[in-house]
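**Q** Please see the structure below; I have some questions.
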Amino acid sequence: MMKLRILLILCLAGVSTGLSAQSVREVDICVYGGSSAGVIAAYTAKKLNKTVLLIEPGKRLGGLTSGGLGYTDIGNKYAITGISRDFYRRVGKHYGKFEQWIFEPSVAERTFQEYIREGDVEVLYQHRLTGAQKTGGRITEIQLEPSAGGTAKHSVIRAKMFIDCSYEGDLMAKAGVSYTVGREANAQYNETYNGVQLLNKHQFPDGIDPYKEPGKPESGLVWGISTEPLAPHGAGDKKVQAYNFRICLTDQPDNMIPITRPEGYDPARYELLARVVEKAKPGGLSHFLKFDLMPNHKTDINNNGSFSTDMIGMNYNYPEADYATREKITKEHELYNKGLLYFIGHDPRMPQHLREAMLKWGYPKDEYQDFGNWSPQMYVREARRMVGAYVMTQANCESKEVVKDGVGMAAYTMDSHNCQRIVQNGMVKNEGDVQIGGFGPYPISYRSIIPKAEDCENLLVPVCLSATHIAYGSIRMEPVFMVLAQSSATAAVAAIDGKTSVQKVDISKIQQQLKARPLATNSTAEILVDNDDAAHVVKKGEWKQEKKGAYGPTFYVADKSSQAMSLRFTPDVLTAGTYKVYTYVPKVAGLSSTTHISVYNGQKESKVPYTAESVRVEGQTSGEWVDLGSYVFPKGKKSFVEITSEGGDGVTVADAVLFIPVGK
């Protein structure tokens, strides 16, 4: 009996010691992953008066947006709303512009830190997930460990709602939520661009030999080529589209660190590039590096061509790997990318003009200073994807199926990078690259960011959302992740307030709140009047309707030879006050040297023409906002902006008009 008591005391002491070694926190909403989505989700929840904890396994916020992807993938600016749009306007303010979609990594990171400070958001850095506990279909707590090692305490976080904003979907997986990895077969969801796709983009030219000794299969394959045979077109598999780093370099000597030989460098890894260059004889680096210029003489370099920064086929294990394996894969990608840059600048097989061009660039001293001047964020284009209450598919992208519970929009091309490098008919070929566009913005279902009810009732997943591989390729853009993150946080707050599950919140109220309070504050919302808004637009004359390059679905065009025509945009002003007015000008050929516009504020009409020279369209966007000035507008529908083709000597365009409350 005495031995039993001693054993019991020792056991209780052990439990006590275990608990004391852990830090336990309770909040309303726990956001896991300090990606761009994670910051916006946490900020939104805090603005909506909930207690929040944002957990970031690393030391830097913003994910890819602050990790090198400064040449933003947009698709159509119309799809980017709320705090996500506000982010690009804050970045624009830094550069002295209305909006800016091209930016330096450090500027993006500082902007995310602004949200953290303004929202007074608590961030737990360098902690990563080890487990999740569920009771009655709800996550009750998650367990964390220090991701940097050392003696820091393990942590337990308890919350009413959880939002998984990681690129890998780790919290979703730990919570037992259904997910998939890889490509579905076309037949599974009646698609045409999913599964195996041997197409012509980012493809090797015919005749590139795959063998170490050309013409001798017995010598073995060149590094990076798979021995697997090509599966039938459209077949599903578990292969993952390639990862890389979005590389920030500079050509400013006083801010440049030379590109040196990385550890473990092996020129044999770049043999295929040498063979492609020998055959294609490119004139410049852009043949195999997508050089997009950022402000202050910096770059956002992405994959381009048959052999580039994508480390094809080397990431299959990453989505479900343990942390040590992921770190190893990430390091391999880093060294591959650094080795590629070094190879281009130093290998004698590269033509001298290409070596000289590469040596003009180096790592910027003022970027990633805590990370050896290299981005800590690998471009994880796709990892796990939830199989949730609704699966977004190709039909949604092409608007053949349009959901009613949209809480965000996407508009980018259905895009997949290559998934494997194979031998086909004795030649090396890439497989998996798909680039199919030509469609306008489409809604993303709320049900695609929540699990099935039987999987979990208090989790939202705005990044690894429920979509097929090819639909995810259209949705998976950083601005869209931020939009969905705001929607997730808004829904999480509604579920808490309504004491219900994420599946049972009133979606119409969520949609209404996102529209009425786009910044999650009580500030006056801006007013957008699009040319497609028949209730607020009066059209005179036979304007031609165009789709490509529009803000929203379409825009109107009047040719020089046309009779004088006009388009009048009438805002419904709910709050009288001063508004700054902009009109969107799509990029078109032959734009009139002057476009004539009138702004009427209910009492006075002002003529505010703009010139074609003043419209500068930059980056992956199809148009630009033009400032028409600030005006005091009364409440109601007493004011208007009118665009006319009269007096034009070229093409006149009429698209969206934006009214932004001054002081917003």
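Scheme for the structure tokens: letters A, B, ... for chains in order shown; per-chain residue numbers from 1; ligand numbers from 1 in order shown.
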List the spatial neighbours of Ser606 in chain A as an NGL selection string - criterion: any atom at most 10 Å away, only C-alpha atoms, same-chain residues fewer than 4 positions off excluded.
**A** :A and (597-601 or 628-629 or 631 or 641)
**Q** Write a file of the just-selected residues containing N, CA and C atoms, as an mmCIF file, in the first residue's frame.
**A**
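Contents of the output file part_34.cif:
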data_model
loop_
_atom_site.group_PDB
_atom_site.id
_atom_site.type_symbol
_atom_site.label_atom_id
_atom_site.label_comp_id
_atom_site.auth_asym_id
_atom_site.auth_seq_id
_atom_site.Cartn_x
_atom_site.Cartn_y
_atom_site.Cartn_z
ATOM 1 N N ILE A 597 -13.331 64.194 -69.596
ATOM 2 C CA ILE A 597 -14.168 63.717 -68.493
ATOM 3 C C ILE A 597 -14.740 64.914 -67.737
ATOM 4 N N SER A 598 -15.985 64.772 -67.303
ATOM 5 C CA SER A 598 -16.628 65.785 -66.465
ATOM 6 C C SER A 598 -16.997 65.159 -65.125
ATOM 7 N N VAL A 599 -16.799 65.916 -64.054
ATOM 8 C CA VAL A 599 -17.214 65.494 -62.716
ATOM 9 C C VAL A 599 -18.217 66.514 -62.198
ATOM 10 N N TYR A 600 -19.416 66.051 -61.860
ATOM 11 C CA TYR A 600 -20.476 66.929 -61.353
ATOM 12 C C TYR A 600 -20.792 66.525 -59.914
ATOM 13 N N ASN A 601 -20.714 67.484 -58.999
ATOM 14 C CA ASN A 601 -20.915 67.174 -57.578
ATOM 15 C C ASN A 601 -22.270 67.626 -57.049
ATOM 16 N N LEU A 628 -8.635 61.880 -60.788
ATOM 17 C CA LEU A 628 -9.476 62.955 -61.332
ATOM 18 C C LEU A 628 -9.688 64.090 -60.329
ATOM 19 N N GLY A 629 -9.066 63.986 -59.147
ATOM 20 C CA GLY A 629 -9.187 65.046 -58.156
ATOM 21 C C GLY A 629 -10.142 64.708 -57.024
ATOM 22 N N TYR A 631 -13.513 65.933 -54.548
ATOM 23 C CA TYR A 631 -14.760 66.693 -54.663
ATOM 24 C C TYR A 631 -15.638 66.416 -53.448
ATOM 25 N N VAL A 641 -19.906 61.140 -62.815
ATOM 26 C CA VAL A 641 -18.692 61.291 -63.615
ATOM 27 C C VAL A 641 -19.050 60.851 -65.022
#
**Q** Hey, what's within 12 Å of Asn522 in chain A if we count only C-alpha atoms and toss same-chain stuff fewer than 3 positions away? As an NGL selection string, please?
**A** :A and (47-48 or 513-519 or 525-526 or 664)
**Q** Counting only C-alpha atoms, figure out which residue out of A:Tyr125, A:Tyr323, A:Tyr446, A:Tyr32 gets nearest to Gly169 in chain A.
**A** A:Tyr32
**Q** Would you mind listing what lies within 12 Å of Met172 in chain A as a PDB file with C-alpha atoms, in the first residue's frame, with only C-alpha atoms counted and same-chain residues fewer than 4 positions away left out?
**A**
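Wrote part_25.pdb, looks like this:
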ATOM      1  CA  VAL A  31      -4.076  31.892 -36.514  1.00  0.00           C
ATOM      2  CA  TYR A  32      -1.353  29.441 -37.522  1.00  0.00           C
ATOM      3  CA  GLY A  33       1.136  30.663 -40.120  1.00  0.00           C
ATOM      4  CA  LEU A 129       2.820  22.710 -34.551  1.00  0.00           C
ATOM      5  CA  GLY A 131      -0.284  18.221 -32.381  1.00  0.00           C
ATOM      6  CA  ALA A 132      -3.955  19.137 -32.218  1.00  0.00           C
ATOM      7  CA  GLN A 133      -6.568  17.870 -29.815  1.00  0.00           C
ATOM      8  CA  LYS A 134     -10.226  17.569 -30.813  1.00  0.00           C
ATOM      9  CA  ARG A 138     -13.902  20.783 -32.507  1.00  0.00           C
ATOM     10  CA  ILE A 139     -10.254  21.597 -32.028  1.00  0.00           C
ATOM     11  CA  ILE A 142      -2.936  22.754 -30.307  1.00  0.00           C
ATOM     12  CA  PHE A 162      -8.609  28.284 -35.527  1.00  0.00           C
ATOM     13  CA  ILE A 163      -7.455  29.557 -38.923  1.00  0.00           C
ATOM     14  CA  ASP A 164      -4.766  27.634 -40.818  1.00  0.00           C
ATOM     15  CA  CYS A 165      -2.803  30.137 -42.918  1.00  0.00           C
ATOM     16  CA  SER A 166       0.235  27.942 -43.538  1.00  0.00           C
ATOM     17  CA  TYR A 167       1.266  27.073 -47.086  1.00  0.00           C
ATOM     18  CA  GLU A 168       1.449  23.409 -46.066  1.00  0.00           C
ATOM     19  CA  GLY A 176      -7.770  15.158 -39.061  1.00  0.00           C
ATOM     20  CA  VAL A 177      -9.365  17.166 -41.867  1.00  0.00           C
ATOM     21  CA  SER A 178      -9.633  15.476 -45.266  1.00  0.00           C
ATOM     22  CA  TYR A 179      -7.061  16.622 -47.823  1.00  0.00           C
ATOM     23  CA  THR A 180      -5.280  15.553 -50.975  1.00  0.00           C
ATOM     24  CA  GLU A 320       3.584  15.686 -45.839  1.00  0.00           C
ATOM     25  CA  ARG A 384      -1.843  19.856 -49.263  1.00  0.00           C
ATOM     26  CA  ARG A 385      -5.280  20.893 -50.490  1.00  0.00           C
ATOM     27  CA  MET A 386      -8.287  20.425 -48.259  1.00  0.00           C
ATOM     28  CA  VAL A 387     -11.193  18.335 -49.485  1.00  0.00           C
ATOM     29  CA  GLY A 388     -13.811  20.508 -47.861  1.00  0.00           C
ATOM     30  CA  ILE A 449     -12.438  27.416 -47.057  1.00  0.00           C
ATOM     31  CA  ILE A 450     -14.166  25.301 -44.406  1.00  0.00           C
ATOM     32  CA  PRO A 451     -13.940  21.556 -43.728  1.00  0.00           C
ATOM     33  CA  LYS A 452     -16.821  19.168 -44.002  1.00  0.00           C
ATOM     34  CA  ASP A 455     -14.187  16.722 -40.083  1.00  0.00           C
ATOM     35  CA  CYS A 456     -14.079  19.875 -37.957  1.00  0.00           C
ATOM     36  CA  GLU A 457     -16.487  22.624 -36.870  1.00  0.00           C
ATOM     37  CA  ASN A 458     -14.139  25.420 -35.794  1.00  0.00           C
ATOM     38  CA  LEU A 459     -11.414  25.607 -38.444  1.00  0.00           C
ATOM     39  CA  LEU A 460     -11.046  27.765 -41.559  1.00  0.00           C
ATOM     40  CA  VAL A 461      -8.428  27.176 -44.271  1.00  0.00           C
ATOM     41  CA  PRO A 462      -7.973  30.141 -46.662  1.00  0.00           C
ATOM     42  CA  VAL A 463      -4.609  29.053 -48.146  1.00  0.00           C
ATOM     43  CA  CYS A 464      -4.739  25.256 -48.563  1.00  0.00           C
ATOM     44  CA  LEU A 465      -8.376  25.582 -49.524  1.00  0.00           C
ATOM     45  CA  SER A 466     -10.592  22.989 -51.146  1.00  0.00           C
TER      46      SER A 466
END
**Q** Just the residues within 6 Å of range 414-427 of chain A, please, counting only C-alpha atoms, with nothing from its chain fewer than 6 positions along; format it as a PyMOL selection string.
**A** chain A and resi 207-210+225-226+240-242+312-313+433-436+470+473-474
**Q** Could you write out, as a list of chain:residue names, all the residues of range 226-342 of chain A that DSSP marks as strand (DSSP E)?
**A**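 Written out, the strand (DSSP E) residues of range 226-342 of chain A are A:Met256, A:Ile257, A:Pro258, A:Leu289, A:Lys290, A:Phe291, A:Asp292, A:Leu293, A:Met294, A:Lys298, A:Thr299, A:Asp300, A:Ile301, A:Asn302, A:Asn303.
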**Q** Report, in Å to a single decimal, how far apart CA of Ser66 in chain A and CA of Val585 in chain A are.
**A**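 Rounded to one decimal, the two atoms are 28.3 Å apart.
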**Q** I want to know what sits within 12 Å of Asp347 in chain A, based on only C-alpha atoms, with residues of the same chain fewer than 3 positions away left out; could you give that as a PyMOL selection string?
**A** chain A and resi 261+265-268+270-271+273-274+339-344+350-352+354-356+358-359
**Q** If we count only C-alpha atoms and set the cut-off at 10 Å, which residues sit around Trp374 in chain A, ignoring sequence neighbours fewer than 2 positions away in its own chain? Please answer as a list in words.
**A**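 Non-adjacent residues within range: Gly67, Gly68, Phe245, Arg246, Ile247, Cys248, Leu249, Glu334, Lys338, Tyr363, Pro364, Lys365, Glu367, Tyr368, Gln369, Asp370, Phe371, Gly372, Pro376 and Gln377 of chain A.
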**Q** For Glu327 in chain A, which of A:Met311, A:Ala494, A:Val657, A:Met378 is the closest residue, counting only C-alpha atoms?
**A**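 Among the listed residues, the smallest separation from Glu327 in chain A belongs to A:Met378.
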**Q** For a quick check of understanding, using only C-alpha atoms, which of A:Val608, A:Ile257, A:Ile74, A:Ile157 has the smallest distance to Thr583 in chain A?
**A**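 Selected residue with least distance to Thr583 in chain A: A:Val608.
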**Q** Using CA of Arg616 in chain A and CA of Lys587 in chain A as the two end points, give the distance in Å to one decimal.
**A**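 So the two atoms, CA of Arg616 in chain A and CA of Lys587 in chain A, lie 8.7 Å apart.
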**Q** Report as a VMD selection string all protein, DNA and RNA residues lying within 6 Å of Trp543 in chain A, evaluated on only C-alpha atoms, omitting residues in the same chain fewer than 2 positions from it.
**A** chain A and resid 541 556 to 558
**Q** Work out how far CA of Asp655 in chain A is from CA of Ala535 in chain A, in Å to one decimal.
**A** 14.9 Å
**Q** I need the residues of range 338-570 of chain A that end up classed as helix (DSSP H, G or I) by DSSP on the backbone, written out as a PyMOL selection string.
**A** chain A and resi 338-346+352-358+369-371+394-397+446-449+469-475+478-497+507-516
**Q** Give me a file of those residues, with C-alpha atoms, as a PDB file, in the first residue's frame.
**A**
ATOM      1  CA  LYS A 338      22.270  29.789 -55.947  1.00  0.00           C
ATOM      2  CA  GLY A 339      24.228  27.223 -57.953  1.00  0.00           C
ATOM      3  CA  LEU A 340      22.277  28.104 -61.087  1.00  0.00           C
ATOM      4  CA  LEU A 341      23.182  31.779 -60.748  1.00  0.00           C
ATOM      5  CA  TYR A 342      26.830  30.871 -60.155  1.00  0.00           C
ATOM      6  CA  PHE A 343      26.863  28.465 -63.131  1.00  0.00           C
ATOM      7  CA  ILE A 344      25.504  31.131 -65.465  1.00  0.00           C
ATOM      8  CA  GLY A 345      28.141  33.628 -64.363  1.00  0.00           C
ATOM      9  CA  HIS A 346      31.174  31.350 -64.216  1.00  0.00           C
ATOM     10  CA  GLN A 352      30.807  35.062 -72.548  1.00  0.00           C
ATOM     11  CA  HIS A 353      28.063  37.663 -73.059  1.00  0.00           C
ATOM     12  CA  LEU A 354      25.755  35.718 -70.730  1.00  0.00           C
ATOM     13  CA  ARG A 355      28.462  35.331 -68.091  1.00  0.00           C
ATOM     14  CA  GLU A 356      29.194  39.039 -68.234  1.00  0.00           C
ATOM     15  CA  ALA A 357      25.502  39.903 -67.970  1.00  0.00           C
ATOM     16  CA  MET A 358      25.073  37.646 -64.928  1.00  0.00           C
ATOM     17  CA  GLN A 369      19.719  40.960 -43.590  1.00  0.00           C
ATOM     18  CA  ASP A 370      18.892  38.409 -40.882  1.00  0.00           C
ATOM     19  CA  PHE A 371      18.980  35.534 -43.387  1.00  0.00           C
ATOM     20  CA  GLN A 394     -12.202  24.086 -63.589  1.00  0.00           C
ATOM     21  CA  ALA A 395     -15.939  24.668 -64.066  1.00  0.00           C
ATOM     22  CA  ASN A 396     -15.797  27.451 -61.468  1.00  0.00           C
ATOM     23  CA  CYS A 397     -12.800  29.089 -63.124  1.00  0.00           C
ATOM     24  CA  TYR A 446     -17.175  29.999 -48.609  1.00  0.00           C
ATOM     25  CA  ARG A 447     -17.640  26.240 -48.397  1.00  0.00           C
ATOM     26  CA  SER A 448     -14.219  25.793 -50.016  1.00  0.00           C
ATOM     27  CA  ILE A 449     -12.438  27.416 -47.057  1.00  0.00           C
ATOM     28  CA  HIS A 469      -5.026  21.024 -58.657  1.00  0.00           C
ATOM     29  CA  ILE A 470      -5.898  23.033 -61.746  1.00  0.00           C
ATOM     30  CA  ALA A 471      -8.483  25.276 -60.058  1.00  0.00           C
ATOM     31  CA  TYR A 472      -6.044  25.879 -57.219  1.00  0.00           C
ATOM     32  CA  GLY A 473      -3.583  27.043 -59.872  1.00  0.00           C
ATOM     33  CA  SER A 474      -5.889  29.960 -60.609  1.00  0.00           C
ATOM     34  CA  ILE A 475      -6.799  30.757 -57.008  1.00  0.00           C
ATOM     35  CA  GLU A 478      -1.060  36.050 -52.676  1.00  0.00           C
ATOM     36  CA  PRO A 479      -3.649  38.863 -52.995  1.00  0.00           C
ATOM     37  CA  VAL A 480      -6.439  36.266 -53.124  1.00  0.00           C
ATOM     38  CA  PHE A 481      -5.079  34.475 -50.053  1.00  0.00           C
ATOM     39  CA  MET A 482      -5.322  37.786 -48.184  1.00  0.00           C
ATOM     40  CA  VAL A 483      -8.920  38.317 -49.341  1.00  0.00           C
ATOM     41  CA  LEU A 484      -9.902  34.823 -48.181  1.00  0.00           C
ATOM     42  CA  ALA A 485      -8.055  35.348 -44.905  1.00  0.00           C
ATOM     43  CA  GLN A 486     -10.161  38.411 -44.119  1.00  0.00           C
ATOM     44  CA  SER A 487     -13.285  36.445 -44.989  1.00  0.00           C
ATOM     45  CA  SER A 488     -12.133  33.576 -42.757  1.00  0.00           C
ATOM     46  CA  ALA A 489     -11.562  35.852 -39.783  1.00  0.00           C
ATOM     47  CA  THR A 490     -14.920  37.557 -40.320  1.00  0.00           C
ATOM     48  CA  ALA A 491     -16.647  34.172 -40.370  1.00  0.00           C
ATOM     49  CA  ALA A 492     -14.728  32.991 -37.301  1.00  0.00           C
ATOM     50  CA  VAL A 493     -15.924  36.045 -35.360  1.00  0.00           C
ATOM     51  CA  ALA A 494     -19.497  35.442 -36.524  1.00  0.00           C
ATOM     52  CA  ALA A 495     -19.306  31.805 -35.406  1.00  0.00           C
ATOM     53  CA  ILE A 496     -18.058  32.831 -31.969  1.00  0.00           C
ATOM     54  CA  ASP A 497     -20.713  35.512 -31.552  1.00  0.00           C
ATOM     55  CA  ILE A 507     -23.108  33.477 -45.256  1.00  0.00           C
ATOM     56  CA  SER A 508     -25.275  36.346 -46.499  1.00  0.00           C
ATOM     57  CA  LYS A 509     -24.410  38.319 -43.359  1.00  0.00           C
ATOM     58  CA  ILE A 510     -20.717  37.608 -43.854  1.00  0.00           C
ATOM     59  CA  GLN A 511     -20.953  38.831 -47.446  1.00  0.00           C
ATOM     60  CA  GLN A 512     -22.849  41.930 -46.346  1.00  0.00           C
ATOM     61  CA  GLN A 513     -20.301  42.736 -43.644  1.00  0.00           C
ATOM     62  CA  LEU A 514     -17.361  42.344 -46.018  1.00  0.00           C
ATOM     63  CA  LYS A 515     -19.000  44.807 -48.376  1.00  0.00           C
ATOM     64  CA  ALA A 516     -20.093  47.320 -45.727  1.00  0.00           C
TER      65      ALA A 516
END
**Q** Could you check which of A:Ser155, A:Asn430, A:Gln100, A:Thr554 is closest to Ile55 in chain A, using only C-alpha atoms?
**A**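 Ranking A:Ser155, A:Asn430, A:Gln100, A:Thr554 by distance to Ile55 in chain A, first place goes to A:Ser155.
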**Q** Nearest residue to Leu198 in chain A out of A:Ala173, A:Leu335, A:Ile660, A:Val428, using only C-alpha atoms?
**A**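 Answer, going by the shortest atom-to-atom distance: A:Val428.
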